[in-house]
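Since the structure comes first, as structure tokens, the remarks are kept for the end.
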Amino acid sequence: MTDCTAYTFKGPTLRPTTVPGLHYTLHVAAQYHVDSTSAGDLSKVHTVPDPYYVTSSLEQSPNDKILKFVNLPSRCIVRIYSVSGVLVNALTLNDVTGGGELTWNLRNRNNQFVASGVYFYHVETPEGKQKIGRFTVINFAQ
């Protein structure tokens, strides 16, 4: 355990106690260090919304389709595949602030909107951690 005695509390002045001999002491029981590149729990990664319907509350216009990957580590690659195993798109996240969220516009590598169906995503971190998941896209004929 790290000794934290070098830290002092600077803030509002504490009121004197009414109990003689009582002193305030702050003891730090645990110290947390966030290493956002490896601290991510990939088991919590998922897509929002799932299933994705052509109209989502995240969209602002019919040409702006949005699917979000959430709970991502701050550095990773997300690869999206069709059911037949064809790479649809690859997205990278390099967010030093640890945002953990990546937005996909539902377009393939040729900048065309994807068709209805089941898709798989593969998340990979620089440390080699991996997660595979699936999501569904449903387009309505209008």
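We name chains A, B, ... following the order of the structure tokens; residues begin at 1 in each chain, and ligands are numbered from 1 as shown.
Every protein, DNA or RNA residue with an atom at most 9 Å from Ile138 in chain A, where only C-alpha atoms count and chain neighbours fewer than 2 positions away do not, is listed here: Pro51, Tyr52, Tyr53, Val54, Ala115, Ser116, Gly117, Val118, Thr136 and Phe140 of chain A.
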Exercise for review: Show which residues sit within 12 Å of range 70-79 of chain A, as a PyMOL selection string. Count only C-alpha atoms, and ignore same-chain residues fewer than 3 positions away.
Suggested key: chain A and resi 34-50+67+82+85-104+108-109+119-134
Please produce a file of the residues just selected, as a short mmCIF file (atom, residue, chain, number, x, y, z; two decimals), in the first residue's frame, where the atoms kept are C-alpha atoms.
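File produced: selection.cif:
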data_model
loop_
_atom_site.label_atom_id
_atom_site.label_comp_id
_atom_site.auth_asym_id
_atom_site.auth_seq_id
_atom_site.Cartn_x
_atom_site.Cartn_y
_atom_site.Cartn_z
CA VAL A 34 -6.96 4.36 -14.29
CA ASP A 35 -4.97 2.90 -17.14
CA SER A 36 -7.62 3.35 -19.78
CA THR A 37 -5.89 1.22 -22.41
CA SER A 38 -6.08 -1.94 -20.34
CA ALA A 39 -8.74 -1.21 -17.72
CA GLY A 40 -11.66 -1.86 -20.07
CA ASP A 41 -13.86 -4.84 -19.30
CA LEU A 42 -14.67 -6.13 -22.78
CA SER A 43 -17.53 -8.27 -21.45
CA LYS A 44 -19.58 -5.07 -21.13
CA VAL A 45 -19.11 -3.94 -24.75
CA HIS A 46 -22.36 -3.84 -26.73
CA THR A 47 -24.21 -1.86 -29.40
CA VAL A 48 -26.94 0.71 -28.92
CA PRO A 49 -29.62 0.33 -30.18
CA ASP A 50 -29.89 -3.40 -30.75
CA LEU A 67 -25.20 2.89 -34.18
CA SER A 82 -21.51 -9.69 -42.39
CA GLY A 85 -17.68 -13.24 -42.98
CA VAL A 86 -17.10 -10.31 -45.33
CA LEU A 87 -15.46 -7.29 -43.67
CA VAL A 88 -18.03 -4.50 -43.84
CA ASN A 89 -16.05 -1.76 -42.10
CA ALA A 90 -13.25 -1.19 -39.60
CA LEU A 91 -13.33 1.60 -37.05
CA THR A 92 -10.59 2.73 -34.71
CA LEU A 93 -10.89 4.40 -31.33
CA ASN A 94 -7.98 6.28 -29.82
CA ASP A 95 -9.51 8.44 -27.10
CA VAL A 96 -7.04 9.32 -24.36
CA THR A 97 -9.86 10.74 -22.25
CA GLY A 98 -11.33 7.24 -21.93
CA GLY A 99 -14.64 8.02 -23.60
CA GLY A 100 -15.34 4.40 -24.42
CA GLU A 101 -17.87 5.12 -27.16
CA LEU A 102 -17.61 4.79 -30.92
CA THR A 103 -20.23 5.92 -33.44
CA TRP A 104 -20.76 4.09 -36.73
CA ASN A 108 -19.73 -0.04 -45.53
CA ARG A 109 -16.24 0.59 -46.89
CA TYR A 119 -23.75 -8.45 -38.29
CA PHE A 120 -20.83 -9.42 -36.09
CA TYR A 121 -18.31 -7.10 -34.49
CA HIS A 122 -14.80 -7.92 -33.31
CA VAL A 123 -13.17 -5.61 -30.75
CA GLU A 124 -9.39 -5.86 -30.36
CA THR A 125 -7.17 -3.87 -27.98
CA PRO A 126 -3.42 -3.18 -28.36
CA GLU A 127 -2.82 -5.67 -25.51
CA GLY A 128 -4.50 -8.43 -27.54
CA LYS A 129 -7.79 -8.59 -25.62
CA GLN A 130 -10.69 -9.50 -27.90
CA LYS A 131 -14.46 -9.65 -27.87
CA ILE A 132 -16.87 -10.86 -30.53
CA GLY A 133 -20.52 -9.83 -30.50
CA ARG A 134 -23.47 -9.45 -32.81
#
When DSSP works through the backbone of this structure, what residues of range 83-141 of chain A end up as strand (DSSP E or B), shown as a PDB file with N, CA and C atoms, in the first residue's frame?
ATOM      1  N   LEU A  87     -15.716  -8.484 -44.451  1.00  0.00           N
ATOM      2  CA  LEU A  87     -15.456  -7.288 -43.673  1.00  0.00           C
ATOM      3  C   LEU A  87     -16.270  -6.129 -44.236  1.00  0.00           C
ATOM      4  N   VAL A  88     -17.174  -5.601 -43.429  1.00  0.00           N
ATOM      5  CA  VAL A  88     -18.033  -4.500 -43.842  1.00  0.00           C
ATOM      6  C   VAL A  88     -17.330  -3.169 -43.612  1.00  0.00           C
ATOM      7  N   ASN A  89     -16.741  -3.003 -42.432  1.00  0.00           N
ATOM      8  CA  ASN A  89     -16.053  -1.764 -42.103  1.00  0.00           C
ATOM      9  C   ASN A  89     -15.135  -2.003 -40.908  1.00  0.00           C
ATOM     10  N   ALA A  90     -14.158  -1.139 -40.752  1.00  0.00           N
ATOM     11  CA  ALA A  90     -13.251  -1.188 -39.601  1.00  0.00           C
ATOM     12  C   ALA A  90     -13.163   0.211 -39.030  1.00  0.00           C
ATOM     13  N   LEU A  91     -13.339   0.311 -37.728  1.00  0.00           N
ATOM     14  CA  LEU A  91     -13.325   1.596 -37.047  1.00  0.00           C
ATOM     15  C   LEU A  91     -12.259   1.566 -35.956  1.00  0.00           C
ATOM     16  N   THR A  92     -11.591   2.676 -35.764  1.00  0.00           N
ATOM     17  CA  THR A  92     -10.589   2.733 -34.706  1.00  0.00           C
ATOM     18  C   THR A  92     -10.993   3.770 -33.673  1.00  0.00           C
ATOM     19  N   LEU A  93     -10.652   3.479 -32.438  1.00  0.00           N
ATOM     20  CA  LEU A  93     -10.894   4.402 -31.333  1.00  0.00           C
ATOM     21  C   LEU A  93      -9.571   4.640 -30.631  1.00  0.00           C
ATOM     22  N   ASN A  94      -9.188   5.896 -30.526  1.00  0.00           N
ATOM     23  CA  ASN A  94      -7.976   6.284 -29.822  1.00  0.00           C
ATOM     24  C   ASN A  94      -8.315   7.542 -29.025  1.00  0.00           C
ATOM     25  N   GLU A 101     -16.706   5.178 -26.277  1.00  0.00           N
ATOM     26  CA  GLU A 101     -17.866   5.125 -27.158  1.00  0.00           C
ATOM     27  C   GLU A 101     -17.426   5.418 -28.583  1.00  0.00           C
ATOM     28  N   LEU A 102     -17.948   4.638 -29.514  1.00  0.00           N
ATOM     29  CA  LEU A 102     -17.609   4.793 -30.922  1.00  0.00           C
ATOM     30  C   LEU A 102     -18.903   4.816 -31.723  1.00  0.00           C
ATOM     31  N   THR A 103     -19.030   5.779 -32.623  1.00  0.00           N
ATOM     32  CA  THR A 103     -20.232   5.915 -33.436  1.00  0.00           C
ATOM     33  C   THR A 103     -19.961   5.421 -34.847  1.00  0.00           C
ATOM     34  N   TRP A 104     -20.869   4.597 -35.365  1.00  0.00           N
ATOM     35  CA  TRP A 104     -20.763   4.088 -36.731  1.00  0.00           C
ATOM     36  C   TRP A 104     -21.969   4.595 -37.515  1.00  0.00           C
ATOM     37  N   ARG A 107     -22.516   2.595 -42.656  1.00  0.00           N
ATOM     38  CA  ARG A 107     -22.064   2.542 -44.051  1.00  0.00           C
ATOM     39  C   ARG A 107     -20.902   1.569 -44.149  1.00  0.00           C
ATOM     40  N   PHE A 113     -25.035   2.442 -47.431  1.00  0.00           N
ATOM     41  CA  PHE A 113     -25.709   1.944 -46.237  1.00  0.00           C
ATOM     42  C   PHE A 113     -25.787   0.422 -46.276  1.00  0.00           C
ATOM     43  N   GLY A 117     -30.022  -7.242 -41.709  1.00  0.00           N
ATOM     44  CA  GLY A 117     -29.416  -8.528 -41.409  1.00  0.00           C
ATOM     45  C   GLY A 117     -28.696  -8.538 -40.079  1.00  0.00           C
ATOM     46  N   VAL A 118     -28.068  -9.663 -39.820  1.00  0.00           N
ATOM     47  CA  VAL A 118     -27.276  -9.826 -38.608  1.00  0.00           C
ATOM     48  C   VAL A 118     -25.825  -9.544 -38.958  1.00  0.00           C
ATOM     49  N   TYR A 119     -25.155  -8.797 -38.097  1.00  0.00           N
ATOM     50  CA  TYR A 119     -23.753  -8.454 -38.292  1.00  0.00           C
ATOM     51  C   TYR A 119     -22.976  -8.822 -37.032  1.00  0.00           C
ATOM     52  N   PHE A 120     -21.714  -9.090 -37.207  1.00  0.00           N
ATOM     53  CA  PHE A 120     -20.835  -9.415 -36.090  1.00  0.00           C
ATOM     54  C   PHE A 120     -19.789  -8.324 -35.953  1.00  0.00           C
ATOM     55  N   TYR A 121     -19.401  -8.051 -34.717  1.00  0.00           N
ATOM     56  CA  TYR A 121     -18.310  -7.099 -34.491  1.00  0.00           C
ATOM     57  C   TYR A 121     -17.212  -7.792 -33.701  1.00  0.00           C
ATOM     58  N   HIS A 122     -15.979  -7.378 -33.977  1.00  0.00           N
ATOM     59  CA  HIS A 122     -14.802  -7.923 -33.314  1.00  0.00           C
ATOM     60  C   HIS A 122     -14.020  -6.743 -32.750  1.00  0.00           C
ATOM     61  N   VAL A 123     -13.899  -6.685 -31.421  1.00  0.00           N
ATOM     62  CA  VAL A 123     -13.166  -5.611 -30.754  1.00  0.00           C
ATOM     63  C   VAL A 123     -11.810  -6.173 -30.365  1.00  0.00           C
ATOM     64  N   GLU A 124     -10.754  -5.428 -30.693  1.00  0.00           N
ATOM     65  CA  GLU A 124      -9.392  -5.856 -30.363  1.00  0.00           C
ATOM     66  C   GLU A 124      -8.622  -4.682 -29.777  1.00  0.00           C
ATOM     67  N   GLN A 130      -9.737  -9.447 -26.795  1.00  0.00           N
ATOM     68  CA  GLN A 130     -10.692  -9.504 -27.898  1.00  0.00           C
ATOM     69  C   GLN A 130     -12.094  -9.795 -27.392  1.00  0.00           C
ATOM     70  N   LYS A 131     -13.064  -9.314 -28.132  1.00  0.00           N
ATOM     71  CA  LYS A 131     -14.461  -9.646 -27.874  1.00  0.00           C
ATOM     72  C   LYS A 131     -15.177  -9.710 -29.200  1.00  0.00           C
ATOM     73  N   ILE A 132     -16.038 -10.703 -29.337  1.00  0.00           N
ATOM     74  CA  ILE A 132     -16.866 -10.856 -30.532  1.00  0.00           C
ATOM     75  C   ILE A 132     -18.320 -10.768 -30.084  1.00  0.00           C
ATOM     76  N   GLY A 133     -19.099  -9.972 -30.799  1.00  0.00           N
ATOM     77  CA  GLY A 133     -20.518  -9.831 -30.499  1.00  0.00           C
ATOM     78  C   GLY A 133     -21.311  -9.701 -31.777  1.00  0.00           C
ATOM     79  N   ARG A 134     -22.608  -9.569 -31.640  1.00  0.00           N
ATOM     80  CA  ARG A 134     -23.466  -9.446 -32.812  1.00  0.00           C
ATOM     81  C   ARG A 134     -24.515  -8.382 -32.588  1.00  0.00           C
ATOM     82  N   PHE A 135     -25.042  -7.845 -33.681  1.00  0.00           N
ATOM     83  CA  PHE A 135     -26.151  -6.901 -33.629  1.00  0.00           C
ATOM     84  C   PHE A 135     -26.982  -7.080 -34.890  1.00  0.00           C
ATOM     85  N   THR A 136     -28.173  -6.522 -34.878  1.00  0.00           N
ATOM     86  CA  THR A 136     -29.111  -6.679 -35.990  1.00  0.00           C
ATOM     87  C   THR A 136     -29.492  -5.322 -36.552  1.00  0.00           C
ATOM     88  N   VAL A 137     -29.558  -5.238 -37.875  1.00  0.00           N
ATOM     89  CA  VAL A 137     -30.025  -4.041 -38.578  1.00  0.00           C
ATOM     90  C   VAL A 137     -31.313  -4.394 -39.293  1.00  0.00           C
ATOM     91  N   ILE A 138     -32.359  -3.593 -39.065  1.00  0.00           N
ATOM     92  CA  ILE A 138     -33.653  -3.855 -39.711  1.00  0.00           C
ATOM     93  C   ILE A 138     -34.047  -2.605 -40.494  1.00  0.00           C
TER      94      ILE A 138
END
Practice item. Enter the distance from CA of Tyr81 in chain A to CA of Asn110 in chain A, in Å, rounded to one decimal. Key: 14.1 Å
